[in-house]
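Only one structure is covered here, and it is reproduced in the block below.
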Amino acid sequence: MEQSEPMATGYFSHPDCLAHDMGAGHPECPERLRAIAKELQVQGLDGRLTPMDVPLAGNDDLALAHDLSYVLNLDDFLQQLEWTGETRALDPDTWACPGTRAATWRAAGAAIAATDAVIDARLANAFCAVRPPGHHATHARTMGFCFFNNVAVAARHALDKRGLRRVAIIDFDVHHGNGTEDIFAGDDRVLMCSFFQHPLYPHSGADQSASNMVNIPVPARADGAFVRDVVKSYWLHRLDDFRPEMIFISAGFDAHRDDEMGGMRLVEDDYAWITAQILNVAQRHAHGRVVSCLEGGYHLGALARSVAAHIKVLTEF
Ligand SMILES: [Zn+2]
């Protein structure tokens, strides 16, 4: 009998995600993905990852988490920019350029393709190095650099298209994932667990809105010890009670101490520890199924090293 190959960690990224450019000096910049790719090479982690094709998302998949007219209107608007070459603001933080449409549909497409590959057991788990990020995008609105909520789209794909019954979403970005909460509050097939600095943009999440939301506000200057207590005290027993069949990670790295977008003080080891906790839960309940998607993280060095620490743990499970 042939020995099957041990399952690998998939790496989903695409050159189209570099073409989304919100203008000089914007922190959510193409260099973020280049810094990550370079660090993975420097640390020799790229050889441990399986590079995967990234398709464009289908509008029907996007509409699993978003209002269909929002999807279609955004599609029209971004196609116009492809023709005119203009860069235009969609909200005070979120700008679109001629490269935005392809990047946006690729970012969500990566999350969906990663979900399928993990559910089909072609991969053990996956990381999507994509942009634009997603967790501020609500059911029908761009917000905070986000157009489509990549993780929300993938989670609904797992539930509605692939027949999973329960999925968890973990969000360790420094900012509250208001878009994810907007989409899933009251959807009892989903358990969302996060911590986020409060008060801070988008100034939401501190008032618990629904029983499937475990969003824990933490003060500025909260460090790794503080966050590890939050994970142990608030997340893990809820996750074990919920028994998710798959776990999605909104992997933002802007709670790093070097990242000036927030005031928290995490370091690379903290991201590795959190990742290991999540993977342990996934092994207990979900056949190890984890899909992680990049959200924030704006200090290029801290971002790249933290993503590498996160991915290293993914490859070790
Ligand atoms: Zn953030």
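Ligands are numbered from 1 in the order shown, residues from 1 within each chain, and chains are lettered A, B, ... in the order they appear in the structure tokens.
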
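By only C-alpha atoms, and with residues fewer than 4 positions from Leu236 of chain A along its chain excluded, the set lying at most 12 Å from it is A:Ala168, A:Ile170, A:Leu191, A:Met192, A:Cys193, A:Ser194, A:Val214, A:Arg228, A:Asp229, A:Val230, A:Val231, A:Lys232, A:Asp240, A:Asp241, A:Phe242, A:Arg243, A:Pro244, A:Ile274, A:Ala276, A:Gln277, A:Ile278, A:Leu279, A:Asn280, A:Val281, A:Ala282, A:Arg284.
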
Q: Just the alpha helix (DSSP H) stuff from segment 17-104 of chain A, please, per backbone DSSP, written as a PyMOL selection string.
A: chain A and resi 31-42+59-62+68-84+100-104

Please produce an output containing N, CA and C atoms for each residue in the selection, written as a compact mmCIF listing (two decimals), in the first residue's frame.
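Output saved as result_10.txt:
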```txt
# COMPACT_ATOMS: atom_id res chain seq x y z
N GLU A 31 3.63 46.91 -0.40
CA GLU A 31 4.90 46.46 0.19
C GLU A 31 4.67 45.46 1.33
N ARG A 32 3.51 45.47 1.92
CA ARG A 32 3.22 44.51 3.01
C ARG A 32 3.39 43.07 2.51
N LEU A 33 2.84 42.79 1.35
CA LEU A 33 2.93 41.41 0.84
C LEU A 33 4.35 41.09 0.40
N ARG A 34 5.05 42.08 -0.15
CA ARG A 34 6.44 41.83 -0.56
C ARG A 34 7.31 41.54 0.66
N ALA A 35 7.07 42.27 1.75
CA ALA A 35 7.87 42.06 2.97
C ALA A 35 7.63 40.65 3.53
N ILE A 36 6.38 40.20 3.48
CA ILE A 36 6.07 38.86 3.97
C ILE A 36 6.77 37.81 3.12
N ALA A 37 6.65 37.93 1.81
CA ALA A 37 7.25 36.93 0.91
C ALA A 37 8.77 36.88 1.12
N LYS A 38 9.39 38.04 1.28
CA LYS A 38 10.84 38.08 1.46
C LYS A 38 11.24 37.41 2.78
N GLU A 39 10.50 37.71 3.85
CA GLU A 39 10.84 37.12 5.16
C GLU A 39 10.69 35.60 5.14
N LEU A 40 9.68 35.11 4.45
CA LEU A 40 9.50 33.65 4.36
C LEU A 40 10.69 33.01 3.66
N GLN A 41 11.21 33.71 2.65
CA GLN A 41 12.42 33.21 1.97
C GLN A 41 13.62 33.25 2.89
N VAL A 42 13.81 34.36 3.58
CA VAL A 42 14.97 34.52 4.46
C VAL A 42 14.98 33.44 5.53
N ASN A 59 -19.30 36.08 -7.84
CA ASN A 59 -20.22 37.01 -7.17
C ASN A 59 -21.25 36.27 -6.32
N ASP A 60 -21.59 35.04 -6.71
CA ASP A 60 -22.54 34.27 -5.90
C ASP A 60 -21.93 33.90 -4.56
N ASP A 61 -20.62 33.62 -4.54
CA ASP A 61 -19.97 33.35 -3.26
C ASP A 61 -19.89 34.60 -2.40
N LEU A 62 -19.55 35.73 -3.03
CA LEU A 62 -19.47 36.98 -2.27
C LEU A 62 -20.82 37.31 -1.64
N LEU A 68 -26.21 41.30 -2.31
CA LEU A 68 -25.87 41.10 -3.72
C LEU A 68 -25.76 42.43 -4.46
N SER A 69 -26.64 43.38 -4.15
CA SER A 69 -26.57 44.65 -4.87
C SER A 69 -25.28 45.41 -4.50
N TYR A 70 -24.81 45.24 -3.28
CA TYR A 70 -23.52 45.83 -2.89
C TYR A 70 -22.39 45.23 -3.73
N VAL A 71 -22.41 43.92 -3.89
CA VAL A 71 -21.39 43.24 -4.69
C VAL A 71 -21.42 43.75 -6.13
N LEU A 72 -22.61 43.82 -6.71
CA LEU A 72 -22.74 44.20 -8.12
C LEU A 72 -22.40 45.67 -8.33
N ASN A 73 -22.82 46.53 -7.39
CA ASN A 73 -22.50 47.96 -7.51
C ASN A 73 -20.99 48.19 -7.39
N LEU A 74 -20.36 47.47 -6.46
CA LEU A 74 -18.91 47.61 -6.31
C LEU A 74 -18.20 47.10 -7.57
N ASP A 75 -18.70 46.02 -8.12
CA ASP A 75 -18.14 45.47 -9.36
C ASP A 75 -18.20 46.53 -10.48
N ASP A 76 -19.37 47.16 -10.63
CA ASP A 76 -19.53 48.20 -11.66
C ASP A 76 -18.57 49.37 -11.42
N PHE A 77 -18.55 49.83 -10.17
CA PHE A 77 -17.73 51.00 -9.83
C PHE A 77 -16.24 50.72 -10.10
N LEU A 78 -15.79 49.54 -9.68
CA LEU A 78 -14.36 49.22 -9.84
C LEU A 78 -14.02 48.96 -11.31
N GLN A 79 -14.97 48.42 -12.07
CA GLN A 79 -14.73 48.27 -13.51
C GLN A 79 -14.57 49.63 -14.18
N GLN A 80 -15.35 50.60 -13.73
CA GLN A 80 -15.21 51.95 -14.30
C GLN A 80 -13.81 52.49 -14.05
N LEU A 81 -13.27 52.22 -12.85
CA LEU A 81 -11.91 52.71 -12.55
C LEU A 81 -10.88 52.01 -13.43
N GLU A 82 -11.13 50.74 -13.76
CA GLU A 82 -10.23 50.04 -14.68
C GLU A 82 -10.18 50.77 -16.03
N TRP A 83 -11.34 51.29 -16.44
CA TRP A 83 -11.40 51.95 -17.75
C TRP A 83 -10.84 53.37 -17.69
N THR A 84 -11.15 54.10 -16.59
CA THR A 84 -10.77 55.52 -16.55
C THR A 84 -9.38 55.72 -15.97
N THR A 100 -7.74 47.66 -8.13
CA THR A 100 -8.46 47.21 -6.93
C THR A 100 -9.41 46.06 -7.22
N ARG A 101 -10.08 46.11 -8.37
CA ARG A 101 -11.09 45.09 -8.62
C ARG A 101 -10.47 43.69 -8.64
N ALA A 102 -9.37 43.54 -9.37
CA ALA A 102 -8.75 42.21 -9.45
C ALA A 102 -8.24 41.77 -8.07
N ALA A 103 -7.61 42.70 -7.33
CA ALA A 103 -7.08 42.35 -6.01
C ALA A 103 -8.20 41.88 -5.09
N THR A 104 -9.30 42.59 -5.12
CA THR A 104 -10.41 42.32 -4.21
C THR A 104 -11.04 40.96 -4.50
```

(Q) Taking only C-alpha atoms and all ligand atoms into account, list the residues no farther than 7 Å from ligand 1, as JSON, numbers by chain. (A) {"A": [173, 174, 175, 252, 254, 295, 296, 297]}

Taking N, CA and C atoms for each residue, export the selection above as a PDB file, in the first residue's frame.
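File written: out.pdb
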```
ATOM      1  N   ASP A 173      -6.514  40.652  15.264  1.00  0.00           N
ATOM      2  CA  ASP A 173      -6.139  42.001  14.844  1.00  0.00           C
ATOM      3  C   ASP A 173      -6.331  42.961  16.032  1.00  0.00           C
ATOM      4  N   VAL A 174      -5.566  44.065  16.032  1.00  0.00           N
ATOM      5  CA  VAL A 174      -5.701  45.023  17.141  1.00  0.00           C
ATOM      6  C   VAL A 174      -7.064  45.720  17.116  1.00  0.00           C
ATOM      7  N   HIS A 175      -7.684  45.745  15.933  1.00  0.00           N
ATOM      8  CA  HIS A 175      -8.981  46.417  15.779  1.00  0.00           C
ATOM      9  C   HIS A 175     -10.127  45.408  15.859  1.00  0.00           C
ATOM     10  N   GLY A 252      -4.622  39.514  11.801  1.00  0.00           N
ATOM     11  CA  GLY A 252      -4.025  40.847  11.762  1.00  0.00           C
ATOM     12  C   GLY A 252      -2.868  40.895  12.740  1.00  0.00           C
ATOM     13  N   ASP A 254      -1.336  43.893  13.747  1.00  0.00           N
ATOM     14  CA  ASP A 254      -1.119  45.276  14.173  1.00  0.00           C
ATOM     15  C   ASP A 254      -1.211  45.459  15.690  1.00  0.00           C
ATOM     16  N   GLU A 295      -5.103  40.105   7.722  1.00  0.00           N
ATOM     17  CA  GLU A 295      -5.889  41.336   7.901  1.00  0.00           C
ATOM     18  C   GLU A 295      -4.918  42.503   8.009  1.00  0.00           C
ATOM     19  N   GLY A 296      -4.775  43.121   9.221  1.00  0.00           N
ATOM     20  CA  GLY A 296      -3.895  44.274   9.364  1.00  0.00           C
ATOM     21  C   GLY A 296      -2.462  43.889   9.668  1.00  0.00           C
ATOM     22  N   GLY A 297      -1.673  44.917  10.006  1.00  0.00           N
ATOM     23  CA  GLY A 297      -0.236  44.743  10.265  1.00  0.00           C
ATOM     24  C   GLY A 297       0.511  45.699   9.365  1.00  0.00           C
TER      25      GLY A 297
END
```

Q: Tell me, as number ranges by chain, which residues lie within 10 Å of Leu294 of chain A, counting only C-alpha atoms; anything in the same chain fewer than 4 positions away does not count.
A: A: 33, 107, 111, 127-135, 150-151, 173, 249-253, 307

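Interatomic distance, atom CA of Ala302 of chain A against atom CA of His256 of chain A: 6.9 Å.
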
Can you list, as a short mmCIF file (atom, residue, chain, number, x, y, z; two decimals) with all heavy atoms, in the first residue's frame, every residue of segment 107-219 of chain A that DSSP puts in strand (DSSP E)?
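Below is the file that was written, selection10.cif:
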```cif
data_model
loop_
_atom_site.label_atom_id
_atom_site.label_comp_id
_atom_site.auth_asym_id
_atom_site.auth_seq_id
_atom_site.Cartn_x
_atom_site.Cartn_y
_atom_site.Cartn_z
N ASN A 125 -3.79 22.80 6.31
CA ASN A 125 -4.26 24.13 6.67
C ASN A 125 -3.71 25.10 5.63
O ASN A 125 -3.01 24.66 4.70
CB ASN A 125 -3.84 24.50 8.11
CG ASN A 125 -2.34 24.32 8.34
OD1 ASN A 125 -1.54 24.71 7.49
ND2 ASN A 125 -1.96 23.73 9.48
N ALA A 126 -4.03 26.38 5.77
CA ALA A 126 -3.63 27.32 4.71
C ALA A 126 -3.50 28.72 5.25
O ALA A 126 -4.19 29.11 6.20
CB ALA A 126 -4.67 27.30 3.59
N PHE A 127 -2.60 29.47 4.61
CA PHE A 127 -2.48 30.91 4.88
C PHE A 127 -2.70 31.66 3.58
O PHE A 127 -2.12 31.32 2.55
CB PHE A 127 -1.10 31.26 5.45
CG PHE A 127 -0.97 32.72 5.81
CD1 PHE A 127 -1.57 33.20 6.97
CD2 PHE A 127 -0.30 33.60 4.99
CE1 PHE A 127 -1.49 34.56 7.31
CE2 PHE A 127 -0.21 34.96 5.31
CZ PHE A 127 -0.80 35.44 6.47
N CYS A 128 -3.53 32.69 3.64
CA CYS A 128 -3.80 33.55 2.49
C CYS A 128 -3.10 34.88 2.69
O CYS A 128 -3.53 35.70 3.52
CB CYS A 128 -5.30 33.77 2.32
SG CYS A 128 -6.22 32.24 2.08
N VAL A 167 -18.63 26.59 12.37
CA VAL A 167 -17.26 27.07 12.16
C VAL A 167 -16.97 28.19 13.16
O VAL A 167 -17.86 28.93 13.55
CB VAL A 167 -17.02 27.59 10.72
CG1 VAL A 167 -17.33 26.50 9.68
CG2 VAL A 167 -17.80 28.85 10.43
N ALA A 168 -15.72 28.27 13.56
CA ALA A 168 -15.28 29.36 14.45
C ALA A 168 -14.45 30.36 13.65
O ALA A 168 -13.75 29.99 12.71
CB ALA A 168 -14.46 28.80 15.61
N ILE A 169 -14.55 31.61 14.04
CA ILE A 169 -13.71 32.66 13.47
C ILE A 169 -12.94 33.30 14.61
O ILE A 169 -13.53 33.79 15.58
CB ILE A 169 -14.55 33.73 12.74
CG1 ILE A 169 -15.29 33.10 11.55
CG2 ILE A 169 -13.66 34.88 12.28
CD1 ILE A 169 -16.25 34.05 10.85
N ILE A 170 -11.62 33.27 14.51
CA ILE A 170 -10.74 33.88 15.50
C ILE A 170 -10.15 35.13 14.88
O ILE A 170 -9.63 35.09 13.76
CB ILE A 170 -9.56 32.94 15.86
CG1 ILE A 170 -10.05 31.54 16.22
CG2 ILE A 170 -8.70 33.56 16.94
CD1 ILE A 170 -10.63 31.40 17.56
N ASP A 171 -10.20 36.23 15.60
CA ASP A 171 -9.70 37.51 15.07
C ASP A 171 -8.74 38.09 16.10
O ASP A 171 -9.16 38.48 17.19
CB ASP A 171 -10.89 38.45 14.82
CG ASP A 171 -10.50 39.74 14.12
OD1 ASP A 171 -9.35 40.20 14.31
OD2 ASP A 171 -11.34 40.29 13.39
N VAL A 190 -21.91 29.97 13.77
CA VAL A 190 -20.59 30.62 13.81
C VAL A 190 -20.32 31.10 15.24
O VAL A 190 -21.18 31.70 15.87
CB VAL A 190 -20.55 31.82 12.85
CG1 VAL A 190 -19.22 32.56 12.96
CG2 VAL A 190 -20.80 31.36 11.41
N LEU A 191 -19.12 30.81 15.74
CA LEU A 191 -18.64 31.40 16.99
C LEU A 191 -17.46 32.30 16.64
O LEU A 191 -16.49 31.84 16.05
CB LEU A 191 -18.20 30.32 17.97
CG LEU A 191 -17.69 30.85 19.32
CD1 LEU A 191 -18.83 31.42 20.16
CD2 LEU A 191 -16.96 29.75 20.10
N MET A 192 -17.58 33.59 16.98
CA MET A 192 -16.47 34.52 16.76
C MET A 192 -15.78 34.79 18.09
O MET A 192 -16.44 35.13 19.07
CB MET A 192 -16.98 35.83 16.17
CG MET A 192 -15.88 36.87 15.95
SD MET A 192 -16.53 38.44 15.30
CE MET A 192 -14.99 39.34 15.05
N CYS A 193 -14.45 34.60 18.11
CA CYS A 193 -13.65 34.93 19.30
C CYS A 193 -12.60 35.94 18.91
O CYS A 193 -11.87 35.73 17.93
CB CYS A 193 -12.95 33.69 19.85
SG CYS A 193 -14.04 32.42 20.49
N SER A 194 -12.51 37.03 19.66
CA SER A 194 -11.47 38.02 19.37
C SER A 194 -11.05 38.72 20.65
O SER A 194 -11.71 38.62 21.68
CB SER A 194 -11.97 39.06 18.36
OG SER A 194 -12.77 40.05 18.99
N PHE A 195 -9.92 39.39 20.56
CA PHE A 195 -9.61 40.49 21.47
C PHE A 195 -9.29 41.69 20.60
O PHE A 195 -8.96 41.53 19.42
CB PHE A 195 -8.44 40.15 22.41
CG PHE A 195 -7.16 39.80 21.72
CD1 PHE A 195 -6.35 40.77 21.14
CD2 PHE A 195 -6.76 38.47 21.61
CE1 PHE A 195 -5.17 40.44 20.50
CE2 PHE A 195 -5.57 38.13 20.97
CZ PHE A 195 -4.78 39.11 20.41
N PHE A 196 -9.46 42.86 21.16
CA PHE A 196 -9.16 44.06 20.38
C PHE A 196 -8.92 45.20 21.35
O PHE A 196 -9.47 45.22 22.46
CB PHE A 196 -10.32 44.40 19.42
CG PHE A 196 -11.63 44.62 20.12
CD1 PHE A 196 -12.04 45.90 20.45
CD2 PHE A 196 -12.45 43.55 20.45
CE1 PHE A 196 -13.23 46.10 21.12
CE2 PHE A 196 -13.65 43.74 21.11
CZ PHE A 196 -14.05 45.03 21.45
N GLN A 197 -8.06 46.12 20.93
CA GLN A 197 -7.79 47.28 21.78
C GLN A 197 -9.02 48.16 21.83
O GLN A 197 -9.66 48.45 20.81
CB GLN A 197 -6.60 48.07 21.23
CG GLN A 197 -6.21 49.25 22.12
CD GLN A 197 -5.07 50.07 21.55
OE1 GLN A 197 -4.15 49.51 20.94
NE2 GLN A 197 -5.12 51.38 21.75
N MET A 213 -20.89 35.83 19.98
CA MET A 213 -19.76 36.75 19.87
C MET A 213 -18.98 36.76 21.17
O MET A 213 -19.55 37.05 22.23
CB MET A 213 -20.28 38.17 19.59
CG MET A 213 -20.94 38.33 18.24
SD MET A 213 -19.72 38.28 16.90
CE MET A 213 -20.57 37.25 15.71
N VAL A 214 -17.69 36.40 21.11
CA VAL A 214 -16.82 36.44 22.29
C VAL A 214 -15.71 37.45 21.97
O VAL A 214 -14.58 37.08 21.66
CB VAL A 214 -16.24 35.05 22.60
CG1 VAL A 214 -15.45 35.08 23.90
CG2 VAL A 214 -17.35 34.00 22.69
N ASN A 215 -16.09 38.71 21.97
CA ASN A 215 -15.15 39.77 21.58
C ASN A 215 -14.73 40.53 22.83
O ASN A 215 -15.54 41.18 23.47
CB ASN A 215 -15.81 40.70 20.56
CG ASN A 215 -16.14 39.97 19.26
OD1 ASN A 215 -15.39 39.07 18.87
ND2 ASN A 215 -17.24 40.32 18.62
N ILE A 216 -13.44 40.42 23.16
CA ILE A 216 -12.96 40.88 24.46
C ILE A 216 -12.15 42.17 24.27
O ILE A 216 -11.05 42.15 23.70
CB ILE A 216 -12.06 39.81 25.11
CG1 ILE A 216 -12.76 38.44 25.11
CG2 ILE A 216 -11.66 40.26 26.52
CD1 ILE A 216 -14.07 38.39 25.87
N PRO A 217 -12.68 43.30 24.76
CA PRO A 217 -11.90 44.54 24.69
C PRO A 217 -10.73 44.49 25.66
O PRO A 217 -10.86 44.00 26.79
CB PRO A 217 -12.91 45.62 25.09
CG PRO A 217 -14.01 44.91 25.81
CD PRO A 217 -14.00 43.48 25.39
N VAL A 218 -9.57 44.97 25.22
CA VAL A 218 -8.40 45.01 26.09
C VAL A 218 -7.81 46.42 26.03
O VAL A 218 -7.98 47.13 25.03
CB VAL A 218 -7.32 43.96 25.70
CG1 VAL A 218 -7.91 42.56 25.69
CG2 VAL A 218 -6.68 44.28 24.38
#
```

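Among the candidates A:His66, A:Arg257, A:Arg162, A:His198, the residue lying nearest to Asp182 of chain A is A:His66 (atoms considered: only C-alpha atoms).
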
Q: Just the residues within 7 Å of Val54 of chain A, please, counting only C-alpha atoms, with nothing from its chain fewer than 2 positions along; format it as a PyMOL selection string.
A: chain A and resi 12-14+52+56+106+109-110+113

Dump as a CSV table (one decimal), in the first residue's frame, selection limited to N, CA and C atoms:
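Final output, result.csv:
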```
chain,number,residue,atom,x,y,z
A,12,PHE,N,-1.5,30.9,-0.3
A,12,PHE,CA,-2.4,31.5,-1.3
A,12,PHE,C,-2.0,33.0,-1.4
A,13,SER,N,-1.4,33.3,-2.5
A,13,SER,CA,-1.1,34.7,-2.8
A,13,SER,C,-1.2,34.9,-4.3
A,14,HIS,N,-1.3,36.2,-4.7
A,14,HIS,CA,-1.4,36.4,-6.2
A,14,HIS,C,-0.9,37.8,-6.5
A,52,MET,N,-0.3,27.7,-4.0
A,52,MET,CA,-1.6,27.3,-4.6
A,52,MET,C,-2.1,28.4,-5.5
A,56,LEU,N,-10.4,34.0,-9.1
A,56,LEU,CA,-11.2,35.1,-8.7
A,56,LEU,C,-12.5,34.5,-8.0
A,106,ARG,N,-9.6,38.5,-6.1
A,106,ARG,CA,-8.6,37.5,-5.8
A,106,ARG,C,-8.5,37.2,-4.3
A,109,GLY,N,-11.3,35.2,-3.4
A,109,GLY,CA,-11.1,33.9,-4.1
A,109,GLY,C,-10.1,33.0,-3.4
A,110,ALA,N,-9.0,33.6,-2.8
A,110,ALA,CA,-8.0,32.8,-2.1
A,110,ALA,C,-8.7,32.2,-0.9
A,113,ALA,N,-10.9,29.3,-2.1
A,113,ALA,CA,-10.1,28.1,-2.6
A,113,ALA,C,-9.4,27.4,-1.5
```

Could I get the residues of segment 271-309 of chain A with an atom no further than 12 Å from an atom of segment 258-265 of chain A, each paired with its nearest atom pair and that distance in Å to one decimal, using only C-alpha atoms, sorted by chain and residue number, as a tab-separated table?
```
residue	atom	partner	partner_atom	distance
A:Tyr271	CA	A:Arg265	CA	11.3
A:Gly296	CA	A:Met261	CA	9.2
A:Gly297	CA	A:Asp259	CA	7.0
A:Tyr298	CA	A:Asp259	CA	6.2
A:His299	CA	A:Asp259	CA	5.1
A:Leu300	CA	A:Asp259	CA	8.7
A:Gly301	CA	A:Asp258	CA	8.7
A:Ala302	CA	A:Asp258	CA	6.5
A:Leu303	CA	A:Asp259	CA	8.3
A:Ala304	CA	A:Asp259	CA	11.8
A:Arg305	CA	A:Asp258	CA	11.4
A:Ser306	CA	A:Asp258	CA	11.0
```

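Put simply, atom CA of His136 of chain A is 10.1 Å away from atom CA of Tyr201 of chain A.
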
For Ala155 of chain A, list every protein, DNA or RNA residue within 10 Å, evaluated using only C-alpha atoms, and leave out those in the same chain fewer than 2 positions away; present the list as a PDB file with C-alpha atoms, in the first residue's frame.
```
ATOM      1  CA  LEU A  64     -23.173  34.563   0.781  1.00  0.00           C
ATOM      2  CA  ALA A  65     -21.820  37.192   3.191  1.00  0.00           C
ATOM      3  CA  ALA A 111     -10.061  32.384   1.059  1.00  0.00           C
ATOM      4  CA  ILE A 112     -12.674  30.304  -0.769  1.00  0.00           C
ATOM      5  CA  THR A 115     -11.414  26.517   2.337  1.00  0.00           C
ATOM      6  CA  ASN A 149     -14.978  40.300   4.230  1.00  0.00           C
ATOM      7  CA  ASN A 150     -12.755  37.494   2.947  1.00  0.00           C
ATOM      8  CA  VAL A 151     -13.049  35.363   6.089  1.00  0.00           C
ATOM      9  CA  ALA A 152     -16.813  35.833   6.301  1.00  0.00           C
ATOM     10  CA  VAL A 153     -17.247  34.834   2.670  1.00  0.00           C
ATOM     11  CA  HIS A 157     -18.958  29.039   1.799  1.00  0.00           C
ATOM     12  CA  ALA A 158     -17.954  26.295   4.248  1.00  0.00           C
ATOM     13  CA  LEU A 159     -21.398  26.348   5.849  1.00  0.00           C
ATOM     14  CA  ASP A 160     -23.755  26.973   2.932  1.00  0.00           C
ATOM     15  CA  LYS A 161     -21.875  25.367   0.033  1.00  0.00           C
ATOM     16  CA  ARG A 162     -19.808  22.667   1.736  1.00  0.00           C
ATOM     17  CA  LEU A 164     -20.268  22.185   7.550  1.00  0.00           C
ATOM     18  CA  ARG A 166     -20.303  24.878  12.842  1.00  0.00           C
ATOM     19  CA  VAL A 167     -17.258  27.071  12.156  1.00  0.00           C
ATOM     20  CA  ALA A 168     -15.282  29.359  14.446  1.00  0.00           C
ATOM     21  CA  ILE A 169     -13.707  32.664  13.469  1.00  0.00           C
ATOM     22  CA  PHE A 184     -22.528  36.792  11.905  1.00  0.00           C
ATOM     23  CA  ARG A 189     -23.475  28.202  13.218  1.00  0.00           C
ATOM     24  CA  VAL A 190     -20.592  30.619  13.815  1.00  0.00           C
ATOM     25  CA  MET A 246     -13.330  24.282  10.913  1.00  0.00           C
ATOM     26  CA  ILE A 247     -11.565  27.406  12.163  1.00  0.00           C
ATOM     27  CA  PHE A 248     -10.951  30.620  10.242  1.00  0.00           C
ATOM     28  CA  VAL A 291      -7.680  28.729   7.068  1.00  0.00           C
TER      29      VAL A 291
END
```

Q: Work out how far apart atom CA of Ser292 of chain A and atom CA of Thr315 of chain A are and give it in Å to one decimal.
A: 12.4 Å
